[in-house]
file protein30.tsv (TSV, C-alpha atoms)
chain	number	residue	atom	x	y	z
A	1144	MET	CA	19.78	29.98	-5.28
A	1145	ALA	CA	17.92	33.08	-4.08
A	1146	ARG	CA	17.21	33.37	-0.38
A	1147	LYS	CA	13.63	32.72	0.63
A	1148	ILE	CA	11.65	35.82	1.57
A	1149	ARG	CA	10.31	35.46	5.09
A	1150	ILE	CA	7.51	37.30	6.85
A	1151	LYS	CA	9.98	39.24	8.96
A	1152	ASP	CA	11.75	40.38	5.75
A	1153	ILE	CA	8.46	41.67	4.34
A	1154	ALA	CA	7.70	43.42	7.63
A	1155	GLN	CA	11.06	45.18	7.58
A	1156	LEU	CA	10.62	46.31	3.95
A	1157	ALA	CA	7.08	47.54	4.60
A	1158	GLY	CA	7.95	49.23	7.89
A	1159	VAL	CA	5.40	47.22	9.91
A	1160	SER	CA	5.49	44.42	12.48
A	1161	PRO	CA	5.62	40.71	11.54
A	1162	GLY	CA	2.25	40.30	13.23
A	1163	THR	CA	0.71	42.87	10.88
A	1164	VAL	CA	2.10	41.01	7.87
A	1165	ASP	CA	0.73	37.76	9.26
A	1166	ARG	CA	-2.75	39.30	9.62
A	1167	VAL	CA	-2.68	40.49	6.00
A	1168	LEU	CA	-1.52	37.13	4.65
A	1169	HIS	CA	-4.18	35.26	6.58
A	1170	ASN	CA	-6.91	37.90	6.10
A	1171	ARG	CA	-7.46	38.41	9.84
A	1172	GLY	CA	-8.39	42.12	9.67
A	1173	ASN	CA	-7.36	44.86	12.15
A	1174	VAL	CA	-4.88	46.32	9.66
A	1175	SER	CA	-4.85	49.96	8.69
A	1176	PRO	CA	-5.29	50.82	4.97
A	1177	ALA	CA	-1.81	52.40	4.92
A	1178	ALA	CA	-0.16	49.29	6.39
A	1179	ARG	CA	-2.06	46.97	4.04
A	1180	SER	CA	-1.06	49.10	1.04
A	1181	ALA	CA	2.61	49.06	2.08
A	1182	ILE	CA	2.56	45.28	2.59
A	1183	ASP	CA	0.79	44.64	-0.73
A	1184	ALA	CA	3.39	46.74	-2.53
A	1185	VAL	CA	6.24	44.72	-1.00
A	1186	LEU	CA	4.51	41.41	-1.79
A	1187	LYS	CA	4.15	42.45	-5.42
A	1188	GLN	CA	7.74	43.67	-5.56
A	1189	VAL	CA	9.30	40.46	-4.26
A	1190	GLY	CA	6.83	38.05	-5.86
A	1191	TYR	CA	6.06	36.53	-2.47
A	1192	HIS	CA	4.05	33.31	-2.22
A	1193	PRO	CA	2.85	32.72	1.34
A	1194	ASN	CA	4.08	29.72	3.30
A	1195	MET	CA	0.88	28.06	4.46
A	1196	HIS	CA	2.70	26.42	7.37
A	1197	LEU	CA	3.39	29.77	9.04
A	1198	SER	CA	1.30	31.45	11.73
A	1199	GLY	CA	1.82	34.31	14.17
A	1200	ILE	CA	2.57	31.97	17.06
A	1201	SER	CA	5.41	30.32	15.12
A	1202	LEU	CA	7.24	33.65	15.01
A	1203	ARG	CA	7.42	33.86	18.78
A	1204	ARG	CA	7.96	30.38	20.19
A	1205	HIS	CA	11.01	28.11	20.02
A	1206	TYR	CA	10.36	24.37	19.70
A	1207	LYS	CA	12.83	21.66	20.63
A	1208	ILE	CA	12.41	18.22	19.10
A	1209	VAL	CA	14.65	15.35	20.14
A	1210	VAL	CA	15.19	12.63	17.55
A	1211	ALA	CA	16.31	9.27	18.97
A	1212	ILE	CA	17.34	6.97	16.12
A	1213	PRO	CA	20.13	4.44	15.53
A	1214	GLU	CA	23.51	5.83	14.54
A	1215	PHE	CA	24.39	5.34	10.89
A	1216	ARG	CA	27.07	5.68	8.25
A	1217	LYS	CA	26.60	7.24	4.83
A	1218	GLY	CA	24.33	5.18	2.64
A	1219	GLU	CA	22.74	3.19	5.46
A	1220	TYR	CA	19.02	2.88	6.17
A	1221	TRP	CA	18.73	5.45	8.95
A	1222	GLU	CA	20.46	8.11	6.89
A	1223	ASN	CA	17.32	8.20	4.75
A	1224	THR	CA	15.16	8.84	7.83
A	1225	TYR	CA	17.56	11.62	8.80
A	1226	LYS	CA	17.27	13.15	5.31
A	1227	GLY	CA	13.49	13.17	5.55
A	1228	ILE	CA	13.59	14.88	8.93
A	1229	MET	CA	15.99	17.54	7.71
A	1230	ARG	CA	13.92	18.08	4.57
A	1231	ALA	CA	10.91	18.85	6.78
A	1232	VAL	CA	12.96	21.18	8.97
A	1233	HIS	CA	13.92	23.09	5.82
A	1234	VAL	CA	10.32	23.27	4.57
A	1235	TYR	CA	9.19	24.62	7.95
A	1236	GLU	CA	12.18	26.93	8.30
A	1237	ASN	CA	10.02	29.90	9.28
A	1238	ILE	CA	9.10	28.07	12.47
A	1239	ARG	CA	11.78	28.13	15.14
A	1240	ILE	CA	12.55	24.42	15.41
A	1241	GLU	CA	15.65	22.96	16.98
A	1242	CYS	CA	16.22	19.29	16.15
A	1243	LYS	CA	18.59	17.54	18.53
A	1244	PHE	CA	19.69	14.11	17.34
A	1245	MET	CA	20.55	11.52	19.98
A	1246	TYR	CA	21.94	8.43	18.30
A	1247	TYR	CA	22.29	4.95	19.77
A	1248	ASN	CA	23.90	1.67	18.74
A	1249	GLN	CA	21.08	-0.50	17.36
A	1250	PHE	CA	23.16	-3.64	17.87
A	1251	ASP	CA	23.71	-3.00	21.59
A	1252	LEU	CA	20.74	-3.04	23.97
A	1253	TYR	CA	22.76	-1.43	26.78
A	1254	ALA	CA	23.96	1.45	24.60
A	1255	CYS	CA	20.37	2.08	23.54
A	1256	ARG	CA	19.24	2.19	27.16
A	1257	ALA	CA	21.98	4.65	28.11
A	1258	THR	CA	20.93	7.03	25.32
A	1259	PHE	CA	17.23	6.80	26.16
A	1260	GLU	CA	17.93	7.63	29.81
A	1261	GLN	CA	19.25	11.06	28.77
A	1262	ILE	CA	16.33	12.21	26.63
A	1263	THR	CA	13.94	13.72	29.17
A	1264	SER	CA	16.79	15.81	30.63
A	1265	GLN	CA	16.81	17.70	27.30
A	1266	SER	CA	13.32	19.12	28.11
A	1267	PRO	CA	11.97	18.52	24.59
A	1268	ASP	CA	8.60	19.71	23.31
A	1269	GLY	CA	8.31	16.49	21.33
A	1270	VAL	CA	10.32	13.36	20.56
A	1271	ILE	CA	10.72	11.22	17.45
A	1272	ILE	CA	11.76	7.65	18.20
A	1273	GLY	CA	13.12	4.97	15.91
A	1274	PRO	CA	12.52	2.00	18.24
A	1275	THR	CA	14.78	-1.03	18.12
A	1276	PHE	CA	14.43	-2.72	21.51
A	1277	ARG	CA	10.93	-3.07	22.92
A	1278	ASP	CA	11.58	-2.86	26.69
A	1279	GLU	CA	13.92	0.10	26.38
A	1280	THR	CA	11.36	1.94	24.27
A	1281	VAL	CA	8.58	1.22	26.78
A	1282	TYR	CA	10.84	2.61	29.52
A	1283	LEU	CA	11.46	5.81	27.55
A	1284	THR	CA	7.84	6.37	26.56
A	1285	THR	CA	6.70	5.89	30.16
A	1286	LEU	CA	9.00	8.77	31.16
A	1287	LEU	CA	7.73	10.91	28.28
A	1288	GLU	CA	4.12	10.28	29.23
A	1289	GLU	CA	4.86	11.21	32.85
A	1290	HIS	CA	6.21	14.56	31.60
A	1291	ASP	CA	3.33	14.96	29.11
A	1292	ILE	CA	5.76	15.02	26.15
A	1293	PRO	CA	4.25	13.82	22.84
A	1294	TYR	CA	6.25	11.31	20.82
A	1295	VAL	CA	6.12	9.88	17.32
A	1296	TYR	CA	7.50	6.58	16.05
A	1297	VAL	CA	9.25	5.98	12.74
A	1298	ASP	CA	10.09	2.58	11.22
A	1299	SER	CA	8.13	0.62	13.84
A	1300	THR	CA	5.57	0.91	16.59
A	1301	ILE	CA	5.52	-0.68	20.04
A	1302	ASP	CA	2.40	-2.20	21.56
A	1303	CYS	CA	1.21	-1.02	24.99
A	1304	THR	CA	2.53	2.51	24.29
A	1305	PHE	CA	0.62	5.62	23.26
A	1306	PRO	CA	2.41	7.59	20.54
A	1307	LEU	CA	0.85	10.69	19.04
A	1308	THR	CA	1.23	8.88	15.71
A	1309	TYR	CA	3.56	6.50	13.93
A	1310	PHE	CA	4.87	5.95	10.42
A	1311	ALA	CA	5.96	2.42	9.56
A	1312	SER	CA	5.32	-0.42	7.18
A	1313	ASP	CA	3.50	-3.49	8.45
A	1314	PRO	CA	6.39	-5.75	9.57
A	1315	TYR	CA	4.25	-8.89	9.68
A	1316	ALA	CA	3.09	-8.27	6.11
A	1317	CYS	CA	6.71	-7.59	5.13
A	1318	GLY	CA	7.88	-10.92	6.51
A	1319	TYR	CA	4.96	-12.76	4.94
A	1320	LEU	CA	5.71	-11.18	1.56
A	1321	MET	CA	9.39	-12.16	1.85
A	1322	GLY	CA	8.29	-15.75	2.35
A	1323	LYS	CA	5.99	-15.59	-0.65
A	1324	LEU	CA	8.69	-14.10	-2.89
A	1325	ILE	CA	11.43	-16.56	-1.94
A	1326	ASP	CA	9.00	-19.42	-2.47
A	1327	ALA	CA	8.09	-18.09	-5.92
A	1328	ILE	CA	11.66	-17.90	-7.23
A	1329	THR	CA	13.03	-21.22	-5.93
A	1330	PRO	CA	12.31	-24.86	-6.86
A	1331	ALA	CA	9.46	-26.65	-5.09
A	1332	ASP	CA	11.89	-28.93	-3.23
A	1333	ALA	CA	14.29	-26.13	-2.23
A	1334	GLU	CA	15.45	-25.52	1.31
A	1335	TYR	CA	15.79	-22.02	2.80
A	1336	VAL	CA	17.96	-20.22	5.31
A	1337	LEU	CA	16.76	-17.35	7.48
A	1338	PHE	CA	19.56	-14.97	8.51
A	1339	GLN	CA	19.35	-12.86	11.65
A	1340	SER	CA	22.03	-10.43	12.89
A	1341	VAL	CA	23.80	-10.88	16.22
A	1342	ARG	CA	23.08	-8.16	18.82
A	1343	VAL	CA	24.62	-7.39	22.22
A	1344	GLY	CA	22.12	-7.89	25.02
A	1345	ASP	CA	20.43	-11.03	23.71
A	1346	ALA	CA	17.43	-9.15	22.27
A	1347	SER	CA	16.24	-8.92	18.69
A	1348	ALA	CA	15.06	-5.73	17.06
A	1349	ASN	CA	11.33	-5.16	17.33
A	1350	THR	CA	10.83	-5.07	13.55
A	1351	THR	CA	12.92	-8.22	13.12
A	1352	ILE	CA	10.73	-10.11	15.59
A	1353	LEU	CA	7.54	-9.08	13.78
A	1354	ARG	CA	8.94	-9.74	10.29
A	1355	LYS	CA	10.04	-13.16	11.47
A	1356	GLN	CA	6.50	-13.88	12.65
A	1357	GLY	CA	5.17	-12.93	9.22
A	1358	PHE	CA	7.79	-15.02	7.43
A	1359	MET	CA	7.06	-18.02	9.64
A	1360	GLY	CA	3.35	-17.47	9.09
A	1361	TYR	CA	3.82	-17.94	5.35
A	1362	MET	CA	6.15	-20.93	5.79
A	1363	THR	CA	3.69	-22.62	8.16
A	1364	GLU	CA	0.68	-22.02	5.91
A	1365	HIS	CA	2.52	-23.52	2.93
A	1366	ASP	CA	4.13	-26.41	4.81
A	1367	ARG	CA	7.70	-25.15	4.31
A	1368	THR	CA	8.97	-25.12	7.91
A	1369	LYS	CA	10.74	-28.49	7.58
A	1370	GLN	CA	12.79	-27.01	4.75
A	1371	LEU	CA	13.92	-24.02	6.80
A	1372	HIS	CA	17.31	-23.44	8.47
A	1373	ARG	CA	18.38	-20.53	10.69
A	1374	LEU	CA	21.77	-18.82	10.86
A	1375	SER	CA	23.22	-15.82	12.69
A	1376	PHE	CA	25.62	-13.33	11.13
A	1377	SER	CA	27.52	-10.32	12.42
A	1378	VAL	CA	27.17	-6.78	11.11
A	1379	VAL	CA	29.63	-5.14	13.50
A	1380	GLU	CA	32.26	-7.88	13.08
A	1381	PRO	CA	31.91	-9.20	9.51
A	1382	GLU	CA	35.19	-11.09	9.89
A	1383	ARG	CA	33.27	-13.46	12.20
A	1384	ASN	CA	30.91	-14.52	9.44
A	1385	SER	CA	33.18	-17.27	8.18
A	1386	GLU	CA	33.02	-18.72	11.68
A	1387	LEU	CA	29.25	-18.20	12.01
A	1388	ILE	CA	28.28	-19.41	8.54
A	1389	GLY	CA	31.21	-21.79	8.02
A	1390	ASP	CA	30.55	-24.72	5.70
A	1391	PHE	CA	26.77	-24.47	6.07
A	1392	PHE	CA	26.11	-24.30	2.34
A	1393	GLU	CA	28.42	-27.25	1.63
A	1394	ARG	CA	26.55	-29.30	4.20
A	1395	ASN	CA	23.15	-28.16	2.90
A	1396	PRO	CA	23.37	-28.17	-0.91
A	1397	ARG	CA	19.59	-28.08	-1.29
A	1398	VAL	CA	19.43	-24.55	0.16
A	1399	ARG	CA	18.39	-22.34	-2.74
A	1400	GLY	CA	16.83	-19.39	-0.95
A	1401	ALA	CA	18.10	-16.96	1.70
A	1402	VAL	CA	16.16	-14.25	3.54
A	1403	VAL	CA	17.66	-11.44	5.65
A	1404	LEU	CA	15.15	-9.72	7.94
A	1405	SER	CA	17.16	-6.51	8.36
A	1406	SER	CA	18.67	-3.84	6.11
A	1407	ARG	CA	22.01	-5.71	6.01
A	1408	SER	CA	21.31	-8.22	3.24
A	1409	SER	CA	24.35	-6.81	1.40
A	1410	VAL	CA	26.55	-8.44	4.06
A	1411	ILE	CA	25.21	-11.87	3.10
A	1412	ALA	CA	25.26	-11.05	-0.62
A	1413	SER	CA	28.95	-10.13	-0.37
A	1414	TYR	CA	29.73	-13.26	1.63
A	1415	LEU	CA	28.03	-15.52	-0.92
A	1416	HIS	CA	29.80	-13.81	-3.82
A	1417	GLU	CA	33.26	-13.79	-2.18
A	1418	HIS	CA	32.96	-17.49	-1.26
A	1419	ARG	CA	31.65	-18.38	-4.74
A	1420	ILE	CA	28.41	-19.81	-3.40
A	1421	ASP	CA	26.19	-19.78	-6.47
A	1422	GLY	CA	22.55	-20.59	-7.08
A	1423	VAL	CA	21.20	-19.09	-3.85
A	1424	ARG	CA	18.43	-16.52	-4.35
A	1425	LEU	CA	18.45	-13.69	-1.82
A	1426	ILE	CA	15.78	-11.33	-0.48
A	1427	GLY	CA	16.29	-8.45	1.96
A	1428	VAL	CA	14.76	-5.26	3.33
A	1429	ASP	CA	15.49	-1.55	2.70
A	1430	LEU	CA	17.11	0.28	-0.18
A	1431	THR	CA	20.46	1.17	1.33
A	1432	GLU	CA	23.49	2.15	-0.74
A	1433	ASN	CA	25.09	-1.28	-0.25
A	1434	ASN	CA	21.87	-3.14	-1.00
A	1435	SER	CA	21.45	-1.07	-4.17
A	1436	ARG	CA	24.94	-2.07	-5.31
A	1437	GLU	CA	24.23	-5.76	-4.72
A	1438	ILE	CA	20.87	-5.55	-6.52
A	1439	ARG	CA	22.59	-3.93	-9.50
A	1440	ASN	CA	25.28	-6.63	-9.47
A	1441	GLY	CA	22.62	-9.35	-9.44
A	1442	HIS	CA	23.55	-10.67	-5.99
A	1443	ILE	CA	20.22	-9.68	-4.36
A	1444	ASP	CA	16.98	-10.59	-6.16
A	1445	PHE	CA	14.46	-8.46	-4.26
A	1446	VAL	CA	14.53	-5.77	-1.60
A	1447	LEU	CA	11.39	-4.56	0.14
A	1448	GLY	CA	11.47	-0.78	0.65
A	1449	GLN	CA	9.44	1.09	3.26
A	1450	ARG	CA	10.14	4.76	2.36
A	1451	PRO	CA	12.14	5.87	5.43
A	1452	GLU	CA	12.71	9.38	4.06
A	1453	GLN	CA	9.00	9.97	3.80
A	1454	GLN	CA	8.53	8.55	7.29
A	1455	GLY	CA	11.00	11.07	8.73
A	1456	TYR	CA	9.41	13.95	6.85
A	1457	MET	CA	5.90	13.10	7.99
A	1458	ALA	CA	7.00	12.58	11.60
A	1459	ILE	CA	8.25	16.18	11.85
A	1460	LYS	CA	5.19	17.50	10.04
A	1461	SER	CA	2.84	15.71	12.45
A	1462	LEU	CA	4.63	17.06	15.51
A	1463	ILE	CA	4.51	20.59	14.09
A	1464	GLN	CA	0.80	20.29	13.35
A	1465	TYR	CA	0.17	19.11	16.90
A	1466	LEU	CA	2.52	21.43	18.81
A	1467	ILE	CA	1.85	24.65	16.92
A	1468	TYR	CA	-1.65	24.36	15.53
A	1469	GLY	CA	-3.14	21.84	17.95
A	1470	SER	CA	-4.21	19.78	14.94
A	1471	LYS	CA	-5.49	16.27	15.35
A	1472	VAL	CA	-3.21	13.82	13.53
A	1473	LYS	CA	-3.94	10.36	12.22
A	1474	SER	CA	-2.68	7.91	14.83
A	1475	ALA	CA	-1.57	5.07	12.52
A	1476	ASN	CA	0.16	5.57	9.18
A	1477	ILE	CA	1.09	2.33	7.43
A	1478	MET	CA	3.60	2.88	4.65
A	1479	PRO	CA	3.39	0.89	1.40
A	1480	LEU	CA	5.96	-1.82	0.72
A	1481	ASP	CA	7.91	-1.36	-2.51
A	1482	ILE	CA	9.32	-4.44	-4.24
A	1483	ILE	CA	12.63	-3.32	-5.73
A	1484	THR	CA	14.58	-5.30	-8.33
A	1485	ARG	CA	17.45	-4.63	-10.71
A	1486	GLU	CA	14.87	-3.72	-13.38
A	1487	ASN	CA	13.24	-0.88	-11.41
A	1488	LEU	CA	16.14	0.13	-9.15
A	1489	ASP	CA	16.90	3.37	-10.98
A	1490	LEU	CA	13.33	4.57	-10.56
A	1491	TYR	CA	13.60	4.27	-6.80
A	1492	SER	CA	17.03	5.86	-6.68
A	1493	GLU	CA	15.54	8.82	-8.52
A	1494	PHE	CA	12.48	8.91	-6.29
A	1495	SER	CA	14.58	9.17	-3.14
A	1496	GLU	CA	15.84	12.57	-4.23
A	1497	VAL	CA	12.38	14.04	-4.88
A	1498	ALA	CA	10.97	16.46	-2.28
A	1499	TYR	CA	7.81	15.31	-0.61
A	1500	VAL	CA	4.83	17.54	-1.26
A	1501	ASP	CA	2.35	18.20	1.52
A	1502	ALA	CA	-1.08	16.83	0.78
A	1503	LYS	CA	-3.79	19.36	1.52

call {"tool": "encode", "arguments": {"input": "protein30.tsv", "output": "structure tokens"}}
result
Amino acid sequence: MARKIRIKDIAQLAGVSPGTVDRVLHNRGNVSPAARSAIDAVLKQVGYHPNMHLSGISLRRHYKIVVAIPEFRKGEYWENTYKGIMRAVHVYENIRIECKFMYYNQFDLYACRATFEQITSQSPDGVIIGPTFRDETVYLTTLLEEHDIPYVYVDSTIDCTFPLTYFASDPYACGYLMGKLIDAITPADAEYVLFQSVRVGDASANTTILRKQGFMGYMTEHDRTKQLHRLSFSVVEPERNSELIGDFFERNPRVRGAVVLSSRSSVIASYLHEHRIDGVRLIGVDLTENNSREIRNGHIDFVLGQRPEQQGYMAIKSLIQYLIYGSKVKSANIMPLDIITRENLDLYSEFSEVAYVDAK
């Protein structure tokens, strides 16, 4: 692939300064006829198409953005957010942006707190946060506000904080929709089990809490709460799941629907399949690599997707617009929920590889 032609490359070829090239591209005047002629000749020669994200100020200043998101393995949910962020960094490559990733363990409140305590010492110009634990996020954002550092949320937002903007699906609506879907694909007299992952620090993830409220809202409205069971499972120690789940399904043969409020529904799908527990419909969240496999194998019926790659891309774009151009950004950006099944899975797998185009 040919290397992109940058403004400084054009300036060098034309024998002028980058600022002069910038003035020509943006029609700002104060350019001599000779310089303009030289620049036009180079533009024609290289077939240059101007990058509309670039301005003179971006050539001079270095911007440091800290990204605080949960650590991940290949194919997991937060890898998609990472991909979106890096896609944006590539699109805005003419702006001097340094992205420093500071990962934390999303299943350990204390590990999250230790990571958050280090962020302001990095002296960032802006911060992107994937919040898991509410109190730890409030602590971090209070520090950022004291230092007048703008921050953007992805995946979730936290009340009583003041982000520049956020990109997330509506977790209450997500939980409510999960309730509606599991009710639609199970018998009227079915019982249900709600799975929630075990975390160190006795605190649930912020999105899990809100999805649970939505799920319970549906169950209460439709008089299903008496048919509902709750079980914990372990993501970090899957060998414990036999102990945690045990003979639950043998003791509760009327359970025909299972809901997992996190991106780890594949853990439950695998458990049910390995233990030959049939006839239980399963609904989860997020199109991870493992969830995709279990959808394709018919072990997960529905997954609700919330476009994490697009969230990451738009988070960087919003910070750039604010930091460099002083642009006002929309404060709340609610992402659509995609209902993904085995029938449309390939469409979403394809979509995840498509570059996001800036809307003008």

call {"tool": "closest_residue", "arguments": {"input": "protein30.tsv", "among": "A:Tyr1319, A:Thr1304, A:Ala1348, A:Ile1325", "to": "Asn1248 (chain A)", "atoms": "all atoms listed in the file"}}
result
A:Ala1348

call {"tool": "residues_around", "arguments": {"input": "protein30.tsv", "residues": "region 1305-1318 of chain A", "least_positions_apart": "3", "cutoff": "9 Å", "atoms": "only C-alpha atoms", "output": "ChimeraX atom specification"}}
result
/A:1284,1288,1293-1302,1321-1323,1350-1361,1404,1428,1447-1451,1453-1455,1457-1458,1461-1462,1465,1472-1480

call {"tool": "residues_around", "arguments": {"input": "protein30.tsv", "residues": "Glu1334 (chain A)", "least_positions_apart": "3", "cutoff": "7 Å", "atoms": "all atoms listed in the file", "output": "PyMOL selection string"}}
result
chain A and resi 1370-1371+1397-1400

call {"tool": "write_last_selection", "arguments": {"input": "protein30.tsv", "atoms": "C-alpha atoms", "output": "PDB file, in the coordinates of the input"}}
result
ATOM      1  CA  GLN A1370      12.790 -27.010   4.750  1.00  0.00           C
ATOM      2  CA  LEU A1371      13.920 -24.020   6.800  1.00  0.00           C
ATOM      3  CA  ARG A1397      19.590 -28.080  -1.290  1.00  0.00           C
ATOM      4  CA  VAL A1398      19.430 -24.550   0.160  1.00  0.00           C
ATOM      5  CA  ARG A1399      18.390 -22.340  -2.740  1.00  0.00           C
ATOM      6  CA  GLY A1400      16.830 -19.390  -0.950  1.00  0.00           C
TER       7      GLY A1400
END

call {"tool": "closest_residue", "arguments": {"input": "protein30.tsv", "among": "A:Ser1470, A:Ser1340, A:Ser1175, A:Ser1385", "to": "Arg1373 (chain A)", "atoms": "only C-alpha atoms"}}
result
A:Ser1340

call {"tool": "residues_around", "arguments": {"input": "protein30.tsv", "residues": "Val1423 (chain A)", "least_positions_apart": "6", "cutoff": "12 Å", "atoms": "all atoms listed in the file", "output": "list in words"}}
result
Ile1325, Ile1328, Thr1329, Pro1330, Ala1333, Glu1334, Tyr1335, Val1336, Phe1392, Asn1395, Pro1396, Arg1397, Val1398, Arg1399, Gly1400, Ala1401, Val1402, Ile1411, Ala1412, Tyr1414, Leu1415, His1416, Gly1441, His1442, Ile1443 and Asp1444 of chain A

call {"tool": "closest_residue", "arguments": {"input": "protein30.tsv", "among": "A:Asn1349, A:Gln1188, A:Asn1487, A:Ser1375", "to": "Asp1278 (chain A)", "atoms": "only C-alpha atoms"}}
result
A:Asn1349

call {"tool": "atom_distance", "arguments": {"input": "protein30.tsv", "atom1": "CA of Thr1163 (chain A)", "atom2": "CA of Asn1237 (chain A)"}}
result
16.0 Å

call {"tool": "residues_around", "arguments": {"input": "protein30.tsv", "residues": "region 1213-1216 of chain A", "least_positions_apart": "6", "cutoff": "10 Å", "atoms": "all atoms listed in the file", "output": "list of chain:residue names"}}
result
A:Glu1222, A:Asn1223, A:Tyr1225, A:Phe1244, A:Met1245, A:Tyr1246, A:Tyr1247, A:Asn1248, A:Gln1249, A:Phe1250, A:Cys1255, A:Ile1272, A:Gly1273, A:Pro1274, A:Thr1275

call {"tool": "closest_residue", "arguments": {"input": "protein30.tsv", "among": "A:Leu1490, A:Leu1425, A:Asn1440, A:Ile1238", "to": "Ile1467 (chain A)", "atoms": "only C-alpha atoms"}}
result
A:Ile1238

call {"tool": "atom_distance", "arguments": {"input": "protein30.tsv", "atom1": "CA of Pro1381 (chain A)", "atom2": "CA of Val1410 (chain A)"}}
result
7.7 Å

call {"tool": "atom_distance", "arguments": {"input": "protein30.tsv", "atom1": "CA of His1233 (chain A)", "atom2": "CA of Lys1471 (chain A)"}}
result
22.7 Å

call {"tool": "closest_residue", "arguments": {"input": "protein30.tsv", "among": "A:Glu1236, A:Glu1486, A:Asp1332, A:Glu1219", "to": "Ser1408 (chain A)", "atoms": "only C-alpha atoms"}}
result
A:Glu1219

call {"tool": "residues_around", "arguments": {"input": "protein30.tsv", "residues": "Gly1162 (chain A)", "least_positions_apart": "2", "cutoff": "9 Å", "atoms": "all atoms listed in the file", "output": "mmCIF file with C-alpha atoms, keeping the file's coordinate frame"}}
result
data_model
loop_
_atom_site.group_PDB
_atom_site.id
_atom_site.type_symbol
_atom_site.label_atom_id
_atom_site.label_comp_id
_atom_site.auth_asym_id
_atom_site.auth_seq_id
_atom_site.Cartn_x
_atom_site.Cartn_y
_atom_site.Cartn_z
ATOM 1 C CA ILE A 1150 7.510 37.300 6.850
ATOM 2 C CA LYS A 1151 9.980 39.240 8.960
ATOM 3 C CA ALA A 1154 7.700 43.420 7.630
ATOM 4 C CA VAL A 1159 5.400 47.220 9.910
ATOM 5 C CA SER A 1160 5.490 44.420 12.480
ATOM 6 C CA VAL A 1164 2.100 41.010 7.870
ATOM 7 C CA ASP A 1165 0.730 37.760 9.260
ATOM 8 C CA ARG A 1166 -2.750 39.300 9.620
ATOM 9 C CA VAL A 1167 -2.680 40.490 6.000
ATOM 10 C CA GLY A 1199 1.820 34.310 14.170
ATOM 11 C CA LEU A 1202 7.240 33.650 15.010
#
